[in-house]
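**Q** My structure is in query.tsv, and what it holds is TSV, C-alpha atoms:
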chain	number	residue	atom	x	y	z
A	130	MET	CA	8.91	-17.55	-39.07
A	131	VAL	CA	8.84	-14.79	-36.44
A	132	THR	CA	11.90	-12.56	-36.47
A	133	GLU	CA	13.22	-10.73	-33.43
A	134	ASP	CA	12.87	-6.98	-33.19
A	135	LEU	CA	15.96	-6.03	-31.18
A	136	GLY	CA	16.52	-2.61	-32.72
A	137	GLY	CA	20.04	-3.44	-33.89
A	138	ARG	CA	21.28	-4.52	-30.44
A	139	SER	CA	21.76	-7.93	-28.87
A	140	ARG	CA	19.89	-9.04	-25.75
A	141	ALA	CA	23.06	-8.60	-23.69
A	142	GLN	CA	23.45	-5.04	-24.95
A	143	TRP	CA	19.86	-4.23	-23.98
A	144	PHE	CA	20.44	-5.80	-20.55
A	145	TRP	CA	23.50	-3.68	-19.86
A	146	ARG	CA	21.80	-0.61	-21.25
A	147	GLY	CA	19.01	-1.14	-18.72
A	148	ALA	CA	21.55	-1.64	-15.95
A	149	TRP	CA	23.34	1.58	-16.92
A	150	SER	CA	20.04	3.48	-16.97
A	151	ALA	CA	19.38	2.38	-13.38
A	152	LEU	CA	22.88	3.37	-12.29
A	153	CYS	CA	22.43	6.85	-13.76
A	154	GLY	CA	19.90	7.90	-11.15
A	155	PRO	CA	16.86	5.77	-10.26
A	156	MET	CA	18.76	3.07	-8.38
A	157	TRP	CA	20.35	5.58	-6.01
A	158	VAL	CA	17.01	7.09	-5.04
A	159	VAL	CA	15.34	3.80	-4.20
A	160	ALA	CA	18.52	2.50	-2.53
A	161	VAL	CA	18.80	5.47	-0.21
A	162	SER	CA	15.12	5.17	0.69
A	163	LEU	CA	15.65	1.61	1.98
A	164	ILE	CA	18.52	2.42	4.34
A	165	GLY	CA	15.95	2.92	7.08
A	166	VAL	CA	14.56	-0.58	6.51
A	167	GLY	CA	17.88	-2.12	7.52
A	168	GLY	CA	17.85	-0.19	10.78
A	169	LEU	CA	14.26	-1.20	11.46
A	170	ALA	CA	15.14	-4.86	10.88
A	171	ARG	CA	17.95	-4.62	13.42
A	172	ASP	CA	15.68	-2.94	15.98
A	173	ALA	CA	13.17	-5.77	15.49
A	174	GLY	CA	15.88	-8.31	16.38
A	175	PHE	CA	16.52	-9.82	12.94
A	176	SER	CA	19.90	-10.72	11.48
A	177	ILE	CA	21.48	-8.80	8.63
A	178	GLU	CA	20.86	-11.77	6.33
A	179	ILE	CA	17.11	-11.59	7.00
A	180	ALA	CA	17.15	-7.84	6.40
A	181	ILE	CA	18.81	-8.29	3.00
A	182	ALA	CA	16.51	-11.21	2.13
A	183	SER	CA	13.46	-9.04	2.91
A	184	THR	CA	14.58	-6.53	0.29
A	185	MET	CA	15.26	-9.20	-2.32
A	186	LEU	CA	12.04	-11.16	-1.69
A	187	ILE	CA	9.48	-8.56	-0.58
A	188	TRP	CA	11.02	-5.74	-2.65
A	189	ALA	CA	8.70	-3.04	-1.31
A	190	GLY	CA	9.75	-0.54	1.34
A	191	PRO	CA	6.30	0.04	2.91
A	192	ALA	CA	5.61	-3.71	3.11
A	193	GLN	CA	9.02	-4.28	4.72
A	194	VAL	CA	8.29	-1.54	7.26
A	195	LEU	CA	4.95	-3.20	8.02
A	196	PHE	CA	6.64	-6.58	8.41
A	197	PHE	CA	9.39	-5.54	10.80
A	198	GLY	CA	7.16	-3.10	12.69
A	199	ALA	CA	4.46	-5.74	13.18
A	200	VAL	CA	7.01	-8.31	14.34
A	201	ALA	CA	8.43	-5.80	16.82
A	202	ALA	CA	4.88	-5.18	18.08
A	203	LYS	CA	4.44	-8.97	18.46
A	204	ALA	CA	1.48	-9.16	16.11
A	205	SER	CA	0.28	-12.58	14.97
A	206	TRP	CA	1.69	-13.99	11.74
A	207	ALA	CA	-1.79	-14.09	10.20
A	208	VAL	CA	-2.23	-10.36	10.81
A	209	ILE	CA	1.24	-9.65	9.43
A	210	ALA	CA	0.57	-11.65	6.26
A	211	LEU	CA	-2.81	-9.95	5.75
A	212	SER	CA	-1.46	-6.43	6.27
A	213	ILE	CA	1.43	-6.98	3.83
A	214	SER	CA	-0.94	-8.49	1.25
A	215	ILE	CA	-3.29	-5.50	1.50
A	216	SER	CA	-0.40	-3.03	1.25
A	217	SER	CA	0.76	-4.77	-1.93
A	218	VAL	CA	-2.61	-4.48	-3.71
A	219	ARG	CA	-1.35	-1.19	-5.15
A	220	PHE	CA	1.04	-3.16	-7.37
A	221	VAL	CA	-1.77	-4.92	-9.27
A	222	PRO	CA	-2.52	-2.04	-11.70
A	223	MET	CA	1.23	-1.52	-12.14
A	224	VAL	CA	1.72	-5.16	-13.12
A	225	VAL	CA	-1.31	-5.13	-15.42
A	226	SER	CA	-0.12	-2.01	-17.23
A	227	LEU	CA	3.57	-2.94	-17.56
A	228	LEU	CA	3.65	-6.67	-18.35
A	229	PRO	CA	1.92	-6.32	-21.76
A	230	MET	CA	4.74	-3.97	-22.78
A	231	LEU	CA	7.31	-6.69	-21.97
A	232	ARG	CA	5.59	-9.69	-23.51
A	233	THR	CA	6.36	-11.06	-26.98
A	234	ARG	CA	5.00	-14.08	-28.82
A	235	ARG	CA	7.85	-16.20	-27.50
A	236	THR	CA	7.74	-15.08	-23.87
A	237	ARG	CA	6.89	-17.91	-21.48
A	238	LEU	CA	4.46	-17.57	-18.57
A	239	ILE	CA	7.17	-18.36	-16.00
A	240	THR	CA	9.23	-15.46	-17.36
A	241	MET	CA	6.28	-13.10	-16.96
A	242	ILE	CA	5.72	-14.28	-13.37
A	243	PHE	CA	9.41	-13.73	-12.63
A	244	ALA	CA	9.29	-10.26	-14.20
A	245	ALA	CA	6.19	-9.36	-12.16
A	246	HIS	CA	8.20	-9.80	-8.95
A	247	PHE	CA	10.47	-6.88	-9.89
A	248	ILE	CA	7.67	-4.41	-10.61
A	249	ALA	CA	7.85	-1.84	-7.85
A	250	VAL	CA	7.17	1.89	-7.81
A	251	THR	CA	10.45	3.08	-9.33
A	252	VAL	CA	10.74	0.24	-11.85
A	253	TRP	CA	7.14	0.77	-12.98
A	254	ALA	CA	7.42	4.55	-13.32
A	255	GLU	CA	10.67	4.35	-15.29
A	256	GLY	CA	9.38	1.41	-17.34
A	257	ILE	CA	6.27	3.28	-18.46
A	258	ARG	CA	8.48	6.17	-19.54
A	259	ARG	CA	11.35	4.27	-21.20
A	260	LEU	CA	9.95	1.02	-22.64
A	261	PRO	CA	7.78	2.47	-25.45
A	262	GLY	CA	10.94	3.80	-27.11
A	263	ILE	CA	12.69	0.40	-27.02
A	264	ALA	CA	12.39	-2.37	-29.62
A	265	ARG	CA	9.80	-4.96	-28.57
A	266	ASP	CA	12.25	-7.87	-28.12
A	267	GLY	CA	14.74	-5.64	-26.33
A	268	ARG	CA	12.32	-4.56	-23.63
A	269	LEU	CA	12.50	-7.65	-21.43
A	270	PRO	CA	16.32	-7.79	-21.20
A	271	TYR	CA	16.36	-4.00	-20.66
A	272	PHE	CA	13.78	-4.41	-17.89
A	273	PHE	CA	15.75	-7.17	-16.17
A	274	GLY	CA	18.98	-5.20	-16.38
A	275	PHE	CA	17.30	-2.16	-14.85
A	276	SER	CA	15.53	-4.20	-12.17
A	277	PHE	CA	18.52	-6.33	-11.15
A	278	ILE	CA	20.66	-3.25	-10.54
A	279	CYS	CA	17.89	-1.68	-8.44
A	280	VAL	CA	17.52	-4.83	-6.34
A	281	ILE	CA	21.29	-5.19	-5.86
A	282	GLY	CA	21.63	-1.53	-4.92
A	283	THR	CA	18.78	-1.64	-2.42
A	284	SER	CA	20.09	-4.86	-0.89
A	285	ILE	CA	23.44	-3.17	-0.28
A	286	SER	CA	21.76	-0.08	1.18
A	287	THR	CA	19.62	-2.28	3.46
A	288	ALA	CA	22.82	-3.84	4.80
A	289	MET	CA	24.34	-0.38	5.26
A	290	GLY	CA	21.27	0.75	7.20
A	291	TYR	CA	21.53	-2.32	9.39
A	292	VAL	CA	25.14	-1.53	10.24
A	293	LEU	CA	24.62	2.24	10.63
A	294	VAL	CA	21.42	2.08	12.68
A	295	GLY	CA	23.17	3.55	15.68
A	296	GLU	CA	24.38	6.52	13.64
A	297	LEU	CA	21.00	7.51	12.14
A	298	THR	CA	18.34	9.37	14.07
A	299	MET	CA	14.69	8.42	13.59
A	300	ALA	CA	14.10	11.66	11.67
A	301	TRP	CA	16.92	10.86	9.22
A	302	ALA	CA	15.70	7.29	8.73
A	303	ALA	CA	12.14	8.47	8.08
A	304	GLY	CA	13.38	11.17	5.70
A	305	LEU	CA	15.40	8.67	3.67
A	306	LEU	CA	12.43	6.32	3.43
A	307	PHE	CA	10.29	9.23	2.20
A	308	MET	CA	12.58	9.87	-0.78
A	309	SER	CA	11.01	7.06	-2.78
A	310	PRO	CA	7.43	8.45	-2.85
A	311	ILE	CA	8.78	11.93	-3.63
A	312	TYR	CA	10.68	10.51	-6.59
A	313	PHE	CA	7.60	8.55	-7.65
A	314	ILE	CA	5.38	11.66	-7.64
A	315	ALA	CA	7.98	13.64	-9.59
A	316	THR	CA	8.22	10.86	-12.19
A	317	LEU	CA	4.44	10.66	-12.54
A	318	ALA	CA	4.25	14.43	-13.02
A	319	ARG	CA	6.94	14.26	-15.70
A	320	ASN	CA	5.17	11.40	-17.49
A	321	ALA	CA	1.72	13.01	-17.41
A	322	ARG	CA	0.78	13.73	-21.01
A	323	GLN	CA	-3.02	13.48	-21.08
A	324	PRO	CA	-5.54	15.58	-19.09
A	325	LEU	CA	-6.71	12.40	-17.34
A	326	ASP	CA	-3.18	11.80	-16.02
A	327	ARG	CA	-2.88	15.34	-14.67
A	328	TYR	CA	-6.32	15.32	-13.07
A	329	ALA	CA	-5.72	11.96	-11.42
A	330	LEU	CA	-2.37	13.11	-10.01
A	331	ALA	CA	-3.83	16.37	-8.69
A	332	LEU	CA	-6.81	14.62	-7.10
A	333	GLY	CA	-4.53	12.03	-5.54
A	334	LEU	CA	-2.47	14.72	-3.84
A	335	VAL	CA	-5.60	16.52	-2.60
A	336	LEU	CA	-7.49	13.45	-1.39
A	337	ALA	CA	-4.56	11.54	0.16
A	338	PRO	CA	-4.80	13.19	3.63
A	339	PHE	CA	-8.53	12.38	3.79
A	340	THR	CA	-8.24	8.71	2.81
A	341	GLU	CA	-5.29	8.34	5.19
A	342	THR	CA	-7.43	9.72	8.02
A	343	PHE	CA	-10.84	8.20	7.35
A	344	ALA	CA	-10.31	5.03	5.28
A	345	PRO	CA	-10.02	1.62	7.00
A	346	LYS	CA	-6.43	0.87	7.90
A	347	GLY	CA	-4.55	-0.66	4.98
A	348	LEU	CA	-7.19	0.33	2.42
A	349	ASP	CA	-6.35	4.03	2.15
A	350	LEU	CA	-4.41	3.67	-1.13
A	351	VAL	CA	-7.06	1.44	-2.66
A	352	MET	CA	-9.82	3.93	-1.86
A	353	LEU	CA	-7.65	6.83	-3.00
A	354	GLY	CA	-7.14	5.16	-6.37
A	355	LEU	CA	-10.81	4.30	-6.81
A	356	ILE	CA	-12.16	7.69	-5.76
A	357	GLY	CA	-9.45	9.84	-7.34
A	358	GLY	CA	-9.19	7.85	-10.55
A	359	THR	CA	-12.96	7.63	-11.08
A	360	THR	CA	-13.43	11.34	-10.37
A	361	ALA	CA	-10.58	12.22	-12.75
A	362	TRP	CA	-12.16	10.08	-15.48
A	363	PHE	CA	-15.56	11.77	-15.14
A	364	ALA	CA	-13.93	15.21	-14.99
A	365	THR	CA	-12.05	14.50	-18.20
A	366	ARG	CA	-15.23	13.32	-19.93
A	367	MET	CA	-17.20	16.36	-18.82
A	368	ILE	CA	-14.58	19.02	-19.57
A	369	HIS	CA	-12.88	17.71	-22.67
A	370	GLY	CA	-15.89	15.84	-24.02
A	371	ARG	CA	-17.79	19.11	-24.23
A	372	ALA	CA	-14.79	20.88	-25.76
A	373	GLN	CA	-14.82	18.36	-28.60
Let me see the file written as structure tokens.
**A**
Amino acid sequence: MVTEDLGGRSRAQWFWRGAWSALCGPMWVVAVSLIGVGGLARDAGFSIEIAIASTMLIWAGPAQVLFFGAVAAKASWAVIALSISISSVRFVPMVVSLLPMLRTRRTRLITMIFAAHFIAVTVWAEGIRRLPGIARDGRLPYFFGFSFICVIGTSISTAMGYVLVGELTMAWAAGLLFMSPIYFIATLARNARQPLDRYALALGLVLAPFTETFAPKGLDLVMLGLIGGTTAWFATRMIHGRAQ
């Protein structure tokens, strides 16, 4: 018989602990960053319900910007679907690295698929930092509590952006949207423990302007990850392999 490892707390307690963790900081950052998405949805001619649904279903600020911007530019639906799919490729390594931390022997496949939907930049970064210190069977309820609060908060902020679009200048909207990647970089820097992590982060910051400029449109992040990550791995092997 397999016993549950809940670390002395019930599943409900882990859920609410995750929700409280999101309310203590991360949710506000990602929520503020999506205010601009609501305004963009209104400019593209969509209703407030569609704007909120885009946050709940797409759950990725850059992909939402691509969606509403492409619709406003009257791009074909095939092009819109392809561009959003390419922009979301960056989530694959996040899902692959985080889901094994959530899974137990009793976790069903449908639960894992449902959990994968909530893995975004902020949720992944905080999950990698917080989940190792949580009892194995408490991780999934903690994750859902954290994620649900983030989704609810961003849905509300999307609605606020939709209503306040006339009060926000383009510079303010762009600045709010930029808060999420700034928070993500700060979290990665805080979580970097191994030389490989630090090298990869440094190379990513250095190479990002070049891949943005020269890489095929929509593939800049993929190429940045491949080039920066591979170079960081070889650098770690060469420097620290010799030191050993």
**Q** Could you give me, as a PyMOL selection string, the residues within 9 Å of range 175-183 of chain A, counting all atoms listed in the file and dropping anything in the same chain fewer than 4 positions from it?
**A** chain A and resi 166-171+187-189+193+197+283-288+291-292
**Q** One decimal, Å: what's the distance from CA of Met223 in chain A over to CA of Gly354 in chain A, could you say?
**A**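 So the answer is 12.2 Å.
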**Q** So which residues touch Cys279 in chain A within 8 Å, counting all atoms listed in the file, skipping near sequence neighbours fewer than 4 positions away, as a list in words?
**A** Ala151, Pro155, Met156, Val159, Ala160, Phe275 and Thr283 of chain A
**Q** From the options A:Ala300, A:Ala264, A:Val224, A:Val280, which residue's atoms come nearest to Gly137 in chain A, counting all atoms listed in the file?
**A**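 When distances to Gly137 in chain A are compared using all atoms listed in the file, the smallest one comes from A:Ala264.
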**Q** Identify which of the residues A:Thr340, A:Leu332, A:Ala148, A:Asp349 lies closest to Trp362 in chain A, counting all atoms listed in the file when measuring atom-to-atom distances.
**A**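 Residue with the minimum atom-to-atom distance to Trp362 in chain A: A:Leu332.
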**Q** Calculate how many Å separate CA of Arg366 in chain A from CA of Thr342 in chain A, rounding to one decimal.
**A**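 So the answer is 29.2 Å.
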**Q** To one decimal in Å, tell me the separation between CA of Gly174 in chain A and CA of Phe277 in chain A.
**A** 27.7 Å
**Q** Have a look at A:Val200, A:Ala173, A:Ala244, A:Ile257 and name the one nearest to Ile213 in chain A; count all atoms listed in the file.
**A** A:Val200
**Q** Could you check the closest approach to Trp253 in chain A for each of A:Gly357, A:Pro222, A:Gly198, A:Gly333 and tell me which residue wins, using only C-alpha atoms?
**A**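 Of A:Gly357, A:Pro222, A:Gly198, A:Gly333, the one nearest Trp253 in chain A is A:Pro222, counting only C-alpha atoms.
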**Q** Of the residues A:Leu269, A:Val218, A:Ala254, A:Leu336, which is the one nearest to Thr360 in chain A, using all atoms listed in the file?
**A**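 Once distances to Thr360 in chain A are computed over all atoms listed in the file, the minimum belongs to A:Leu336.
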**Q** Rank A:Pro261, A:Gly274, A:Gly165, A:Pro338 by their smallest atom-to-atom distance to Phe247 in chain A, using all atoms listed in the file, and report the top residue only.
**A**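 Checking each of A:Pro261, A:Gly274, A:Gly165, A:Pro338 against Phe247 in chain A, counting all atoms listed in the file, the winner is A:Gly274.
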**Q** List the spatial neighbours of Val351 in chain A as a ChimeraX atom specification - criterion: any atom at most 9 Å away, all atoms listed in the file, same-chain residues fewer than 6 positions off excluded.
**A** /A:215-216,218-219
